[in-house]
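Student: Got a file for you: structure.cif, mmCIF, C-alpha atoms, pLDDT in the B column; chains and numbers go by the auth columns.
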data_start
#
loop_
_atom_site.group_PDB
_atom_site.id
_atom_site.type_symbol
_atom_site.label_atom_id
_atom_site.label_comp_id
_atom_site.label_asym_id
_atom_site.label_seq_id
_atom_site.Cartn_x
_atom_site.Cartn_y
_atom_site.Cartn_z
_atom_site.B_iso_or_equiv
_atom_site.auth_seq_id
_atom_site.auth_asym_id
ATOM 1 C CA MET A 1 1.250 16.629 6.104 94.00 1 O
ATOM 2 C CA LYS A 2 -2.261 15.428 5.458 97.00 2 O
ATOM 3 C CA ILE A 3 -2.749 12.733 2.799 97.00 3 O
ATOM 4 C CA TYR A 4 -6.203 12.067 1.322 97.00 4 O
ATOM 5 C CA MET A 5 -6.526 8.356 0.471 97.00 5 O
ATOM 6 C CA ALA A 6 -8.468 8.079 -2.811 97.00 6 O
ATOM 7 C CA SER A 7 -9.365 4.458 -3.517 95.00 7 O
ATOM 8 C CA PRO A 8 -12.106 1.950 -4.209 94.00 8 O
ATOM 9 C CA LEU A 9 -10.689 -0.400 -1.549 94.00 9 O
ATOM 10 C CA GLY A 10 -13.536 0.165 0.916 92.00 10 O
ATOM 11 C CA PHE A 11 -16.029 -1.581 -1.355 92.00 11 O
ATOM 12 C CA SER A 12 -14.751 -5.124 -0.740 93.00 12 O
ATOM 13 C CA GLU A 13 -13.729 -7.180 2.265 94.00 13 O
ATOM 14 C CA ALA A 14 -10.325 -7.959 0.738 94.00 14 O
ATOM 15 C CA GLY A 15 -9.808 -4.317 -0.200 93.00 15 O
ATOM 16 C CA ARG A 16 -10.702 -3.115 3.302 94.00 16 O
ATOM 17 C CA SER A 17 -8.284 -5.638 4.791 96.00 17 O
ATOM 18 C CA PHE A 18 -5.363 -4.314 2.716 95.00 18 O
ATOM 19 C CA TYR A 19 -6.431 -0.681 3.096 95.00 19 O
ATOM 20 C CA ASN A 20 -6.893 -0.750 6.883 96.00 20 O
ATOM 21 C CA GLY A 21 -4.240 -3.371 7.669 96.00 21 O
ATOM 22 C CA THR A 22 -1.388 -2.352 5.361 94.00 22 O
ATOM 23 C CA LEU A 23 -1.800 0.857 3.393 95.00 23 O
ATOM 24 C CA ILE A 24 -3.094 3.248 6.062 96.00 24 O
ATOM 25 C CA PRO A 25 -0.695 1.989 8.764 96.00 25 O
ATOM 26 C CA GLU A 26 2.249 2.443 6.372 94.00 26 O
ATOM 27 C CA VAL A 27 1.255 6.006 5.504 95.00 27 O
ATOM 28 C CA ILE A 28 0.898 6.805 9.219 96.00 28 O
ATOM 29 C CA ARG A 29 4.224 5.094 10.017 95.00 29 O
ATOM 30 C CA LEU A 30 5.890 7.365 7.476 94.00 30 O
ATOM 31 C CA GLY A 31 4.671 10.348 9.473 94.00 31 O
ATOM 32 C CA PHE A 32 1.636 11.489 7.502 96.00 32 O
ATOM 33 C CA GLU A 33 -1.830 12.264 8.803 97.00 33 O
ATOM 34 C CA VAL A 34 -4.437 10.231 6.914 97.00 34 O
ATOM 35 C CA ILE A 35 -7.681 11.720 5.658 98.00 35 O
ATOM 36 C CA ASP A 36 -9.763 8.592 5.104 97.00 36 O
ATOM 37 C CA PRO A 37 -12.833 9.177 2.909 96.00 37 O
ATOM 38 C CA TRP A 38 -14.299 5.872 4.067 95.00 38 O
ATOM 39 C CA THR A 39 -14.764 7.380 7.539 95.00 39 O
ATOM 40 C CA LEU A 40 -15.928 10.889 6.594 96.00 40 O
ATOM 41 C CA THR A 41 -19.639 10.003 6.368 95.00 41 O
ATOM 42 C CA ASP A 42 -21.564 8.599 9.315 94.00 42 O
ATOM 43 C CA GLN A 43 -21.736 4.813 8.776 94.00 43 O
ATOM 44 C CA ALA A 44 -25.171 4.726 10.417 96.00 44 O
ATOM 45 C CA LYS A 45 -26.559 6.826 7.552 96.00 45 O
ATOM 46 C CA ILE A 46 -25.111 4.430 4.989 95.00 46 O
ATOM 47 C CA ASP A 47 -26.399 1.388 6.881 95.00 47 O
ATOM 48 C CA ALA A 48 -29.896 2.898 7.092 97.00 48 O
ATOM 49 C CA VAL A 49 -30.085 3.372 3.321 96.00 49 O
ATOM 50 C CA GLU A 50 -28.641 -0.085 2.651 95.00 50 O
ATOM 51 C CA LYS A 51 -31.371 -1.645 4.824 97.00 51 O
ATOM 52 C CA MET A 52 -34.194 0.045 2.947 97.00 52 O
ATOM 53 C CA PRO A 53 -36.264 -2.153 0.650 96.00 53 O
ATOM 54 C CA TYR A 54 -35.521 -1.904 -3.045 95.00 54 O
ATOM 55 C CA GLY A 55 -37.516 0.804 -4.746 96.00 55 O
ATOM 56 C CA VAL A 56 -37.976 4.502 -5.417 97.00 56 O
ATOM 57 C CA GLU A 57 -37.570 5.569 -1.774 97.00 57 O
ATOM 58 C CA ARG A 58 -34.252 3.752 -1.483 97.00 58 O
ATOM 59 C CA ARG A 59 -33.042 5.196 -4.803 97.00 59 O
ATOM 60 C CA ASP A 60 -33.959 8.705 -3.680 97.00 60 O
ATOM 61 C CA ALA A 61 -32.296 8.160 -0.296 97.00 61 O
ATOM 62 C CA TRP A 62 -29.079 7.085 -2.073 96.00 62 O
ATOM 63 C CA ARG A 63 -29.247 10.170 -4.279 96.00 63 O
ATOM 64 C CA ARG A 64 -29.472 12.429 -1.215 96.00 64 O
ATOM 65 C CA LEU A 65 -26.761 10.553 0.677 96.00 65 O
ATOM 66 C CA ASN A 66 -24.435 10.506 -2.341 95.00 66 O
ATOM 67 C CA VAL A 67 -24.497 14.312 -2.358 96.00 67 O
ATOM 68 C CA GLU A 68 -23.461 14.298 1.307 96.00 68 O
ATOM 69 C CA ILE A 69 -20.727 11.697 0.716 96.00 69 O
ATOM 70 C CA GLY A 70 -19.382 13.687 -2.223 95.00 70 O
ATOM 71 C CA GLY A 71 -19.371 16.885 -0.171 96.00 71 O
ATOM 72 C CA ASN A 72 -17.534 15.179 2.683 96.00 72 O
ATOM 73 C CA ASN A 73 -14.926 13.803 0.279 96.00 73 O
ATOM 74 C CA ARG A 74 -14.513 17.198 -1.425 97.00 74 O
ATOM 75 C CA ALA A 75 -13.943 18.798 1.995 97.00 75 O
ATOM 76 C CA GLY A 76 -11.387 16.076 2.790 97.00 76 O
ATOM 77 C CA ILE A 77 -9.447 16.824 -0.386 97.00 77 O
ATOM 78 C CA ASP A 78 -9.705 20.568 0.334 97.00 78 O
ATOM 79 C CA ARG A 79 -7.911 20.137 3.649 97.00 79 O
ATOM 80 C CA SER A 80 -5.277 17.698 2.349 97.00 80 O
ATOM 81 C CA ASP A 81 -1.714 18.488 1.313 96.00 81 O
ATOM 82 C CA ALA A 82 -1.590 15.608 -1.186 96.00 82 O
ATOM 83 C CA VAL A 83 -3.645 12.697 -2.521 97.00 83 O
ATOM 84 C CA LEU A 84 -2.545 9.068 -2.588 96.00 84 O
ATOM 85 C CA ALA A 85 -4.646 7.423 -5.307 96.00 85 O
ATOM 86 C CA VAL A 86 -5.005 3.644 -5.632 94.00 86 O
ATOM 87 C CA LEU A 87 -5.065 2.867 -9.358 90.00 87 O
ATOM 88 C CA ASP A 88 -5.715 -0.887 -9.263 85.00 88 O
ATOM 89 C CA GLY A 89 -8.052 -2.687 -11.644 79.00 89 O
ATOM 90 C CA THR A 90 -8.301 -2.841 -15.397 79.00 90 O
ATOM 91 C CA ASP A 91 -9.553 0.758 -15.326 84.00 91 O
ATOM 92 C CA VAL A 92 -9.252 3.364 -12.594 89.00 92 O
ATOM 93 C CA ASP A 93 -12.350 3.402 -10.376 91.00 93 O
ATOM 94 C CA SER A 94 -14.720 6.214 -11.392 92.00 94 O
ATOM 95 C CA GLY A 95 -14.919 7.677 -7.877 93.00 95 O
ATOM 96 C CA THR A 96 -11.144 7.614 -7.527 95.00 96 O
ATOM 97 C CA ALA A 97 -10.850 9.255 -10.954 94.00 97 O
ATOM 98 C CA ALA A 98 -13.213 12.026 -9.822 94.00 98 O
ATOM 99 C CA GLU A 99 -11.138 12.574 -6.659 96.00 99 O
ATOM 100 C CA ILE A 100 -7.948 12.713 -8.756 95.00 100 O
ATOM 101 C CA GLY A 101 -9.559 15.200 -11.134 94.00 101 O
ATOM 102 C CA TYR A 102 -10.749 17.453 -8.325 96.00 102 O
ATOM 103 C CA ALA A 103 -7.349 17.368 -6.600 96.00 103 O
ATOM 104 C CA PHE A 104 -5.582 18.077 -9.889 96.00 104 O
ATOM 105 C CA ALA A 105 -7.857 21.058 -10.605 95.00 105 O
ATOM 106 C CA LYS A 106 -6.957 22.466 -7.175 94.00 106 O
ATOM 107 C CA GLY A 107 -3.247 21.933 -7.805 94.00 107 O
ATOM 108 C CA THR A 108 -2.973 19.322 -5.052 95.00 108 O
ATOM 109 C CA PRO A 109 -0.085 16.861 -5.649 95.00 109 O
ATOM 110 C CA ILE A 110 -1.197 13.317 -6.478 95.00 110 O
ATOM 111 C CA LEU A 111 0.787 10.117 -6.014 94.00 111 O
ATOM 112 C CA GLY A 112 -0.523 7.013 -7.793 92.00 112 O
ATOM 113 C CA TYR A 113 -0.185 3.583 -6.217 90.00 113 O
ATOM 114 C CA ARG A 114 -0.723 0.463 -8.296 86.00 114 O
ATOM 115 C CA GLY A 115 -0.484 -2.864 -6.495 83.00 115 O
ATOM 116 C CA ASP A 116 -2.288 -4.742 -9.287 77.00 116 O
ATOM 117 C CA PHE A 117 0.315 -6.362 -11.532 73.00 117 O
ATOM 118 C CA ARG A 118 -2.037 -7.014 -14.461 70.00 118 O
ATOM 119 C CA LEU A 119 -1.585 -4.983 -17.575 66.00 119 O
ATOM 120 C CA SER A 120 -4.721 -3.045 -18.311 59.00 120 O
ATOM 121 C CA ALA A 121 -5.554 -0.833 -21.263 53.00 121 O
ATOM 122 C CA ASP A 122 -2.020 0.474 -21.217 52.00 122 O
ATOM 123 C CA ASN A 123 1.456 -0.484 -22.320 48.00 123 O
ATOM 124 C CA GLU A 124 4.628 -1.831 -20.770 49.00 124 O
ATOM 125 C CA ALA A 125 5.941 1.700 -20.074 45.00 125 O
ATOM 126 C CA ARG A 126 3.147 2.385 -17.586 46.00 126 O
ATOM 127 C CA ARG A 127 3.741 -0.920 -15.865 43.00 127 O
ATOM 128 C CA SER A 128 7.366 0.025 -15.319 43.00 128 O
ATOM 129 C CA ILE A 129 6.259 3.283 -13.686 43.00 129 O
ATOM 130 C CA PHE A 130 3.919 1.693 -11.139 41.00 130 O
ATOM 131 C CA ARG A 131 5.634 -1.210 -9.403 40.00 131 O
ATOM 132 C CA SER A 132 3.367 -4.043 -8.331 38.00 132 O
ATOM 133 C CA ASN A 133 4.228 -4.278 -4.654 38.00 133 O
ATOM 134 C CA ILE A 134 3.865 -2.342 -1.441 41.00 134 O
ATOM 135 C CA SER A 135 7.590 -1.649 -1.227 43.00 135 O
ATOM 136 C CA TYR A 136 7.188 0.767 -4.132 43.00 136 O
ATOM 137 C CA GLY A 137 4.352 2.445 -2.255 47.00 137 O
ATOM 138 C CA LYS A 138 6.603 2.704 0.806 49.00 138 O
ATOM 139 C CA ALA A 139 9.460 4.137 -1.242 49.00 139 O
ATOM 140 C CA ALA A 140 7.152 6.606 -2.974 49.00 140 O
ATOM 141 C CA ALA A 141 5.668 7.749 0.318 50.00 141 O
ATOM 142 C CA THR A 142 9.148 8.114 1.796 50.00 142 O
ATOM 143 C CA SER A 143 10.234 10.174 -1.176 50.00 143 O
ATOM 144 C CA LEU A 144 7.151 12.350 -0.741 50.00 144 O
ATOM 145 C CA ARG A 145 8.118 13.048 2.839 50.00 145 O
ATOM 146 C CA ASN A 146 11.746 13.744 2.004 48.00 146 O
ATOM 147 C CA SER A 147 11.416 15.662 -1.238 44.00 147 O
ATOM 148 C CA ARG A 148 12.179 19.365 -0.888 41.00 148 O
ATOM 149 C CA THR A 149 10.958 19.966 -4.429 41.00 149 O
ATOM 150 C CA LEU A 150 7.521 18.508 -3.706 42.00 150 O
ATOM 151 C CA ARG A 151 7.303 20.277 -0.376 42.00 151 O
ATOM 152 C CA ARG A 152 7.982 23.596 -2.118 42.00 152 O
ATOM 153 C CA ARG A 153 5.340 22.803 -4.707 43.00 153 O
ATOM 154 C CA TRP A 154 2.811 21.861 -1.977 42.00 154 O
ATOM 155 C CA GLN A 155 3.463 25.095 -0.152 42.00 155 O
ATOM 156 C CA GLY A 156 2.786 27.164 -3.259 42.00 156 O
#
Write the structure described by the file as structure tokens, please.
Tutor:
Amino acid sequence: MKIYMASPLGFSEAGRSFYNGTLIPEVIRLGFEVIDPWTLTDQAKIDAVEKMPYGVERRDAWRRLNVEIGGNNRAGIDRSDAVLAVLDGTDVDSGTAAEIGYAFAKGTPILGYRGDFRLSADNEARRSIFRSNISYGKAAATSLRNSRTLRRRWQG
């Protein structure tokens, strides 16, 4: 099974450390193939735009590259069997929300992971649903792998 990893974790050094050092290895250990959106676009293209001087040319280059990044991520979701969405922060990241919305519209199963223990604009019921540690993520991923009901749903 192919799992698309929707998250904002690639934007920060600490996020990348958890994402690459803990989350992805755990998903792979559980027997899933990872579709990593942070590797779907050539890093050299991103670096080239980041190195451009501030101004209209850089803005326009980002606009063109963002279309490519979005297309690569859409294609990644299209070939996935499920989406694992990181829901940390006071609000869900806008890019992650867009990936969740696209996957939902396609009928792709989505599993939310919340490792952030802070209450956000929600209530205590939501906090009880999303446990604040990786062991919940491990248990959820294991249940994904073992669930006949979800497998039937994924297969149509």
Student: Show which residues sit within 8 Å of Leu9 (chain O), as a ChimeraX atom specification. Count only C-alpha atoms, and ignore same-chain residues fewer than 5 positions away.
Tutor: /O:14-16,18-19
Student: For those residues, write C-alpha atoms to a file as a PDB file, keeping the file's coordinate frame.
Tutor:
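The resulting file, result12.pdb, is reproduced below:
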ATOM      1  CA  ALA O  14     -10.325  -7.959   0.738  1.00 94.00           C
ATOM      2  CA  GLY O  15      -9.808  -4.317  -0.200  1.00 93.00           C
ATOM      3  CA  ARG O  16     -10.702  -3.115   3.302  1.00 94.00           C
ATOM      4  CA  PHE O  18      -5.363  -4.314   2.716  1.00 95.00           C
ATOM      5  CA  TYR O  19      -6.431  -0.681   3.096  1.00 95.00           C
TER       6      TYR O  19
END
Student: Near Gly70 (chain O), within 10 Å and counting all atoms listed in the file, which residues show up once chain neighbours fewer than 3 positions away are dropped, as number ranges by chain?
Tutor: O: 37, 40-41, 65-67, 73-76, 95, 98-99
Student: State, in Å with one decimal place, the distance from CA of Ile28 (chain O) to CA of Asp91 (chain O).
Tutor: 27.4 Å
Student: Could you work out how far CA of Phe32 (chain O) lies from CA of Ala82 (chain O), giving the answer in Å with one decimal?
Tutor: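 If I compute the distance from CA of Ala82 (chain O) to CA of Phe32 (chain O), I get 10.1 Å.
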Student: As an exercise, work out the distance from CA of Met1 (chain O) to CA of Asp116 (chain O) in Å and give it to one decimal place.
Tutor: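 Rounded to one decimal, the two atoms are 26.6 Å apart.
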Student: Take the PyMOL selection byres ((chain O and resi 80) around 8), run it mentally on this structure, and tell me the resulting residues as a list in words.
Tutor: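 Checking the PyMOL selection byres ((chain O and resi 80) around 8) against this file, the residues are Met1, Lys2, Ile3, Tyr4, Ile35, Gly76, Ile77, Asp78, Arg79, Asp81, Ala82, Val83 and Thr108 of chain O.
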Student: Taking only C-alpha atoms into account, name the residue in O:Pro8, O:Gly71, O:Gly112, O:Gly107 that is nearest to Ala85 (chain O).
Tutor: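 Result for the nearest residue to Ala85 (chain O): O:Gly112.
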Student: The PyMOL selection byres ((chain O and resi 113) around 8) on the file shown: which residues, as a list in words?
Tutor: Leu84, Ala85, Val86, Leu87, Asp88, Leu111, Gly112, Arg114, Gly115, Phe130 and Gly137 of chain O
Student: Using only C-alpha atoms, which of the listed residues (O:Arg64, O:Gly10, O:Arg118, O:Ala97) sits closest to Asp36 (chain O)?
Tutor: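 Checking each candidate against Asp36 (chain O), we get O:Gly10 as the closest.
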Student: Considering all atoms listed in the file, state which residue in the set O:Ser17, O:Ser94, O:Ser12, O:Thr39 is at the smallest distance from Asn72 (chain O).
Tutor: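 Looking only at the distances to Asn72 (chain O), the closest residue turns out to be O:Thr39.
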Student: How would you write, as a ChimeraX atom specification, the residues chosen by the PyMOL selection byres ((chain O and resi 46) around 10) on this structure?
Tutor: /O:41-45,47-51,61-62,65-66,69
